[in-house]
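Enquirer: The structure follows.
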Amino acid sequence: MTPVSIAQLRATATVDLMTAAAALGLGRTRAYELARRDQFPCRVIRIGDTYRIPTPGLLELLGVTAEVPVAVARPAISGQAHG
């Protein structure tokens, strides 16, 4: 199972079932079993045979905000010209 970063999750509106499963530490068989039974721990959108997981709900389940944190202001680099 490939680890998934929070930045990767924030980069898209939905993720596939296996990406969500990896973020939650679930294996493939268990993830599909839970999704089929409507017992996956967050919202699942089924499109035909495809399962998509909205990332805001997944991030909330993981205890992370969906928004990217505001970047800390960078100090000016000495030697740069000021206009």
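Every chain in the structure tokens has a letter given in the order shown (A, B, ...), and although residue numbers restart at 1 in each chain, ligands are simply numbered from 1 in the order shown.
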Hey, what's within 10 Å of A:Pro56 if we count only C-alpha atoms and toss same-chain stuff fewer than 5 positions away? As a VMD selection string, please?

Expert: chain A and resid 9 to 10 12 to 14 42 to 43 61 to 62 64 to 67

Enquirer: Identify, on the basis of only C-alpha atoms, every residue whose closest approach to stretch 17-32 of chain A does not exceed 8 Å; exclude the query and any residue fewer than 2 positions from it along the same chain; express the result as a list in words.

Expert: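 Non-adjacent residues within range: Met1, Thr2, Pro3, Val4, Ser5, Val15, Leu34, Ala35, Arg36, Phe40, Tyr51, Arg52, Ile53, Leu58 and Leu62 of chain A.
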
Enquirer: Could those residues be written to a file, using N, CA and C atoms, as a CSV table (one decimal), in the first residue's frame?

Expert:
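Saved the output as result.csv:
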```csv
chain,number,residue,atom,x,y,z
A,1,MET,N,0.8,-1.2,0.0
A,1,MET,CA,0.0,0.0,0.0
A,1,MET,C,0.9,1.2,0.0
A,2,THR,N,0.7,2.1,-1.0
A,2,THR,CA,1.5,3.4,-1.1
A,2,THR,C,0.9,4.4,-0.1
A,3,PRO,N,1.8,5.0,0.7
A,3,PRO,CA,1.4,6.1,1.6
A,3,PRO,C,0.8,7.3,0.8
A,4,VAL,N,-0.2,7.9,1.4
A,4,VAL,CA,-0.8,9.1,0.8
A,4,VAL,C,-0.6,10.3,1.7
A,5,SER,N,-0.2,11.4,1.1
A,5,SER,CA,0.1,12.6,1.9
A,5,SER,C,-1.2,13.5,1.9
A,15,VAL,N,-11.2,11.3,-4.5
A,15,VAL,CA,-10.1,10.3,-4.7
A,15,VAL,C,-10.8,8.9,-4.9
A,34,LEU,N,-16.6,-2.8,2.6
A,34,LEU,CA,-17.3,-1.7,3.3
A,34,LEU,C,-18.1,-0.8,2.4
A,35,ALA,N,-17.5,-0.5,1.2
A,35,ALA,CA,-18.2,0.3,0.3
A,35,ALA,C,-19.4,-0.4,-0.3
A,36,ARG,N,-19.3,-1.6,-0.6
A,36,ARG,CA,-20.5,-2.4,-1.1
A,36,ARG,C,-21.6,-2.4,-0.1
A,40,PHE,N,-18.5,2.2,4.5
A,40,PHE,CA,-17.2,2.8,4.5
A,40,PHE,C,-17.3,4.0,5.4
A,51,TYR,N,-16.0,3.6,-7.4
A,51,TYR,CA,-16.3,4.3,-6.2
A,51,TYR,C,-15.3,5.5,-6.1
A,52,ARG,N,-15.9,6.7,-5.7
A,52,ARG,CA,-15.2,7.9,-5.5
A,52,ARG,C,-15.5,8.4,-4.1
A,53,ILE,N,-14.5,9.0,-3.5
A,53,ILE,CA,-14.6,9.5,-2.1
A,53,ILE,C,-14.3,11.0,-2.1
A,58,LEU,N,-13.2,12.9,3.8
A,58,LEU,CA,-12.1,12.0,4.1
A,58,LEU,C,-11.1,12.8,5.0
A,62,LEU,N,-10.0,12.2,9.0
A,62,LEU,CA,-8.6,12.1,9.4
A,62,LEU,C,-8.2,13.2,10.4
```

Enquirer: State, in Å with one decimal place, the distance from atom CA of A:Arg37 to atom CA of A:Asp49.

Expert: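 Between atom CA of A:Arg37 and atom CA of A:Asp49 the gap works out to 13.8 Å.
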
Enquirer: Can you check which residues of stretch 19-57 of chain A DSSP gives as helix (DSSP H, G or I) on the backbone and send them as number ranges by chain?

Expert: A: 19-24, 28-36, 55-57

Enquirer: Please report the interatomic distance between atom CA of A:Ala11 and atom CA of A:Glu33 in Å with one decimal.

Expert: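 These atoms are spaced 26.5 Å apart.
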
Enquirer: Write down as a list of chain:residue names the residues belonging to stretch 13-68 of chain A that are assigned strand (DSSP E) by DSSP computed on the backbone.

Expert: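 The strand (DSSP E) subset of stretch 13-68 of chain A is A:Thr14, A:Val15, A:Asp16, A:Ile45, A:Arg46, A:Ile47, A:Thr50, A:Tyr51, A:Arg52, A:Ile53, A:Pro54.
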